[in-house]
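entry-v2.txt follows; it contains compact mmCIF, C-alpha atoms.
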```txt
# COMPACT_ATOMS: atom_id res chain seq x y z
CA MET A 3 104.42 30.13 -29.45
CA SER A 4 103.75 31.23 -25.92
CA GLY A 5 100.27 31.67 -24.50
CA LEU A 6 100.64 35.43 -24.88
CA SER A 7 101.57 35.08 -28.55
CA ASP A 8 98.65 32.72 -29.10
CA LEU A 9 96.32 35.24 -27.47
CA LEU A 10 97.57 38.07 -29.68
CA GLU A 11 97.77 36.06 -32.90
CA PRO A 12 94.22 36.89 -34.16
CA ILE A 13 94.83 40.63 -33.69
CA ALA A 14 98.27 40.40 -35.30
CA THR A 15 96.77 38.46 -38.22
CA TRP A 16 94.19 41.21 -38.72
CA PHE A 17 96.91 43.89 -38.78
CA ASP A 18 99.03 41.71 -41.05
CA GLY A 19 96.08 41.56 -43.46
CA LEU A 20 96.21 45.34 -43.84
CA GLY A 21 99.37 44.99 -45.90
CA ILE A 22 101.52 47.17 -43.65
CA PRO A 23 105.01 47.34 -45.18
CA GLU A 24 107.63 45.25 -43.36
CA PRO A 25 109.82 48.25 -42.39
CA ILE A 26 106.81 49.79 -40.60
CA VAL A 27 106.04 46.51 -38.81
CA HIS A 28 109.71 46.19 -37.86
CA TRP A 29 110.67 49.78 -36.99
CA GLY A 30 107.34 51.56 -36.41
CA HIS A 31 107.18 50.70 -32.70
CA PRO A 32 110.77 51.76 -31.98
CA VAL A 33 110.47 55.07 -33.82
CA MET A 34 107.16 56.05 -32.21
CA MET A 35 108.26 54.94 -28.75
CA ALA A 36 111.55 56.80 -29.06
CA ILE A 37 109.52 59.97 -29.45
CA VAL A 38 107.43 59.13 -26.40
CA VAL A 39 110.39 58.11 -24.25
CA PHE A 40 112.92 60.75 -25.21
CA VAL A 41 110.61 63.72 -25.78
CA MET A 42 107.64 63.16 -23.49
CA GLY A 43 109.61 61.23 -20.88
CA SER A 44 112.28 63.91 -20.63
CA PHE A 45 109.63 66.63 -20.43
CA VAL A 46 107.65 64.79 -17.75
CA GLY A 47 110.76 64.11 -15.69
CA LEU A 48 112.06 67.65 -16.05
CA THR A 49 108.77 69.31 -15.15
CA GLY A 50 108.29 66.97 -12.19
CA TRP A 51 111.69 67.73 -10.72
CA ARG A 52 111.42 71.40 -11.66
CA GLY A 53 108.13 71.63 -9.76
CA ARG A 54 109.96 70.37 -6.68
CA ALA A 55 113.15 72.40 -7.07
CA VAL A 56 112.07 75.83 -8.29
CA LEU A 57 111.58 78.22 -5.40
CA GLU A 58 109.45 80.78 -7.24
CA PRO A 59 105.84 79.71 -6.53
CA THR A 60 104.35 80.63 -9.92
CA GLU A 61 107.02 78.78 -11.89
CA SER A 62 106.84 75.79 -9.56
CA ALA A 63 103.06 75.63 -9.97
CA LYS A 64 103.37 75.84 -13.77
CA SER A 65 105.89 72.98 -13.83
CA ARG A 66 103.66 70.85 -11.60
CA ALA A 67 100.64 71.59 -13.80
CA ASP A 68 102.61 70.67 -16.93
CA HIS A 69 103.75 67.46 -15.24
CA ARG A 70 100.17 66.62 -14.20
CA THR A 71 98.99 67.16 -17.78
CA MET A 72 101.70 65.22 -19.63
CA ALA A 73 102.46 62.32 -17.25
CA PRO A 74 99.10 60.56 -17.77
CA LEU A 75 99.42 60.99 -21.54
CA MET A 76 102.91 59.55 -21.45
CA PHE A 77 101.65 56.57 -19.44
CA LEU A 78 98.83 56.07 -21.95
CA PHE A 79 101.18 56.24 -24.95
CA ILE A 80 103.67 53.88 -23.30
CA SER A 81 100.90 51.39 -22.57
CA LEU A 82 99.51 51.61 -26.11
CA GLY A 83 103.02 51.44 -27.51
CA ALA A 84 103.72 48.29 -25.52
CA THR A 85 100.67 46.72 -27.10
CA GLY A 86 101.95 47.73 -30.54
CA GLY A 87 105.37 46.32 -29.76
CA LEU A 88 103.87 43.00 -28.70
CA LEU A 89 101.80 42.83 -31.87
CA SER A 90 104.86 43.69 -33.95
CA LEU A 91 106.77 40.77 -32.41
CA VAL A 92 103.89 38.39 -33.05
CA MET A 93 103.61 39.62 -36.66
CA GLN A 94 107.35 38.91 -37.08
CA ASP A 95 107.05 35.42 -35.50
CA GLN A 96 109.34 36.40 -32.64
CA PRO A 97 109.15 35.09 -29.07
CA ILE A 98 107.86 37.59 -26.53
CA LEU A 99 108.63 36.33 -23.05
CA GLU A 100 112.27 35.51 -23.86
CA SER A 101 113.15 39.13 -24.53
CA PRO A 102 114.74 41.34 -21.85
CA HIS A 103 113.11 44.20 -23.77
CA PHE A 104 109.69 42.78 -22.86
CA TRP A 105 110.59 42.44 -19.18
CA THR A 106 112.03 45.96 -18.85
CA GLY A 107 108.93 47.34 -20.56
CA LEU A 108 106.69 45.44 -18.17
CA ALA A 109 108.72 46.74 -15.22
CA VAL A 110 108.42 50.33 -16.48
CA ILE A 111 104.65 50.04 -16.88
CA GLY A 112 104.46 48.59 -13.36
CA LEU A 113 106.53 51.43 -11.87
CA LEU A 114 104.49 54.05 -13.71
CA ALA A 115 101.25 52.41 -12.59
CA VAL A 116 102.37 52.53 -8.94
CA ASN A 117 103.34 56.16 -9.45
CA ALA A 118 99.93 56.92 -10.94
CA VAL A 119 98.19 55.33 -7.96
CA ILE A 120 100.31 57.42 -5.58
CA ALA A 121 99.45 60.61 -7.49
CA PHE A 122 95.74 59.84 -7.90
CA ALA A 123 95.53 59.04 -4.19
CA GLY A 124 96.64 62.61 -3.53
CA PHE A 125 100.02 61.50 -2.13
CA GLY A 126 98.35 60.34 1.09
CA LYS A 127 98.27 62.31 4.30
CA ASP A 128 102.07 62.61 4.47
CA LYS A 129 102.47 64.39 1.17
CA GLY A 130 106.20 65.05 1.56
CA THR A 131 107.24 61.41 1.85
CA LEU A 132 104.98 60.09 -0.90
CA ARG A 133 105.92 62.96 -3.21
CA THR A 134 109.56 61.99 -2.72
CA VAL A 135 108.78 58.32 -3.37
CA HIS A 136 106.83 59.41 -6.47
CA ALA A 137 109.76 61.49 -7.74
CA TYR A 138 112.31 58.73 -7.32
CA LEU A 139 110.03 56.00 -8.69
CA GLY A 140 109.37 58.14 -11.75
CA SER A 141 113.08 58.81 -12.20
CA THR A 142 113.82 55.10 -11.86
CA ALA A 143 111.18 54.36 -14.50
CA LEU A 144 112.75 56.91 -16.88
CA CYS A 145 116.24 55.44 -16.37
CA LEU A 146 114.82 51.97 -16.98
CA LEU A 147 113.14 53.31 -20.13
CA PHE A 148 116.54 54.35 -21.50
CA LEU A 149 117.87 50.83 -20.84
CA HIS A 150 114.67 49.48 -22.39
CA ALA A 151 115.36 51.55 -25.53
CA LEU A 152 118.88 50.12 -25.83
CA LEU A 153 117.56 46.59 -25.42
CA GLY A 154 114.91 47.35 -28.04
CA LEU A 155 117.52 48.61 -30.49
CA LYS A 156 119.52 45.44 -29.93
CA LEU A 157 116.38 43.36 -30.48
CA GLY A 158 115.40 45.27 -33.63
CA LEU A 159 118.85 44.85 -35.14
CA SER A 160 118.84 41.12 -34.36
CA ILE A 161 115.57 40.38 -36.15
```
Output the file's structure as structure tokens, nothing else.
Amino acid sequence: MSGLSDLLEPIATWFDGLGIPEPIVHWGHPVMMAIVVFVMGSFVGLTGWRGRAVLEPTESAKSRADHRTMAPLMFLFISLGATGGLLSLVMQDQPILESPHFWTGLAVIGLLAVNAVIAFAGFGKDKGTLRTVHAYLGSTALCLLFLHALLGLKLGLSI
């Protein structure tokens, strides 16, 4: 086992002791994350771009407010879901660091974290440039999430 697996083993053992059925251990993470990625991710991306593109000020403001509300929740659920996915792999005695699914997930969390810092910093003094960087980083993260989902499906079917 890798150092990461060794670190997570006591937590995974505790969850394993709860008697969670194998199909839930195996497919629970993918099902829950599919909801987060495809529903929340699509909503966050759409409202973010809509807030930039819509010319009517009231509708643009509503889209930006919706984006501001849901994006942090999506980031939280993705981060928690990643933890659940790691624990699921440990519970199934699977290697973690060898999986492209792990690395794409880590990259997504990194991109979203950078995006969160940009947003929480108020987009800096040059709001136009950093807002554009934020929009494209977020879109890149969403595209990477779709690749991540395909890699996860491949992984789940191979176990």
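Every protein or nucleic acid residue with an atom no more than 12 Å from Ser101 in chain A, counting all atoms listed in the file and leaving out same-chain residues fewer than 2 positions away, appears here: Gly87, Leu88, Leu91, Gln96, Pro97, Ile98, Leu99, His103, Phe104, Trp105, Thr106, Gly107, Leu108, His150, Leu153, Gly154, Lys156, Leu157, Gly158, Ser160 and Ile161 of chain A.
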Quick one: contact table of range 41-143 of chain A to range 29-35 of chain A, 12 Å max, nearest atom pair and distance in Å to one decimal per residue, counting all atoms listed in the file, chain and number order, as CSV?
```
residue,atom,partner,partner_atom,distance
A:Val41,CA,A:Met35,CA,9.6
A:Met42,CA,A:Met35,CA,9.8
A:Gly43,CA,A:Met35,CA,10.2
A:Met76,CA,A:Met35,CA,10.2
A:Phe77,CA,A:Met35,CA,11.5
A:Leu78,CA,A:Met35,CA,11.7
A:Phe79,CA,A:Met35,CA,8.1
A:Ile80,CA,A:Met35,CA,7.2
A:Ser81,CA,A:Met35,CA,10.2
A:Leu82,CA,A:Met35,CA,9.7
A:Gly83,CA,A:Met35,CA,6.4
A:Ala84,CA,A:His31,CA,8.3
A:Thr85,CA,A:His31,CA,9.5
A:Gly86,CA,A:His31,CA,6.4
A:Gly87,CA,A:His31,CA,5.6
A:Leu88,CA,A:His31,CA,9.3
A:Leu89,CA,A:His31,CA,9.6
A:Ser90,CA,A:His31,CA,7.5
A:Leu91,CA,A:His31,CA,9.9
A:Gln94,CA,A:Trp29,CA,11.4
A:His103,CA,A:Pro32,CA,11.4
A:Gly107,CA,A:Met35,CA,11.2
```
Counting all atoms listed in the file, figure out which residue out of A:Lys127, A:Val92, A:Ala63, A:Ile111 gets nearest to Ser7 in chain A.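 Result for the nearest residue to Ser7 in chain A: A:Val92.
Between CA of Arg133 in chain A and CA of Arg54 in chain A the separation is 9.1 Å.
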Please compute the CA of His69 in chain A-CA of Ile37 in chain A distance, one decimal, in Å. 17.1 Å
Return the single residue from A:Glu58, A:Asp68, A:Asp128, A:Asp95 that is closest to Asp8 in chain A, with distances computed using only C-alpha atoms.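 Comparing A:Glu58, A:Asp68, A:Asp128, A:Asp95 against Asp8 in chain A, the winner is A:Asp95.
Using all atoms listed in the file for every distance, the candidate list A:Gly112, A:Pro59, A:Met93, A:Phe125 yields A:Met93 as the residue closest to Trp16 in chain A.
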Separation of CA of Ala67 in chain A and CA of Gly50 in chain A, in Å? 9.1 Å
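Among the candidate residues A:Gly5, A:Gly47, A:Pro12, A:Gly124, the one lying nearest to Ala143 in chain A is A:Gly47, with distances computed using all atoms listed in the file.
When only C-alpha atoms are used to compute distances to Thr49 in chain A, the closest of the residues A:Gly130, A:Pro25, A:Pro102, A:Gly140 turns out to be A:Gly140.
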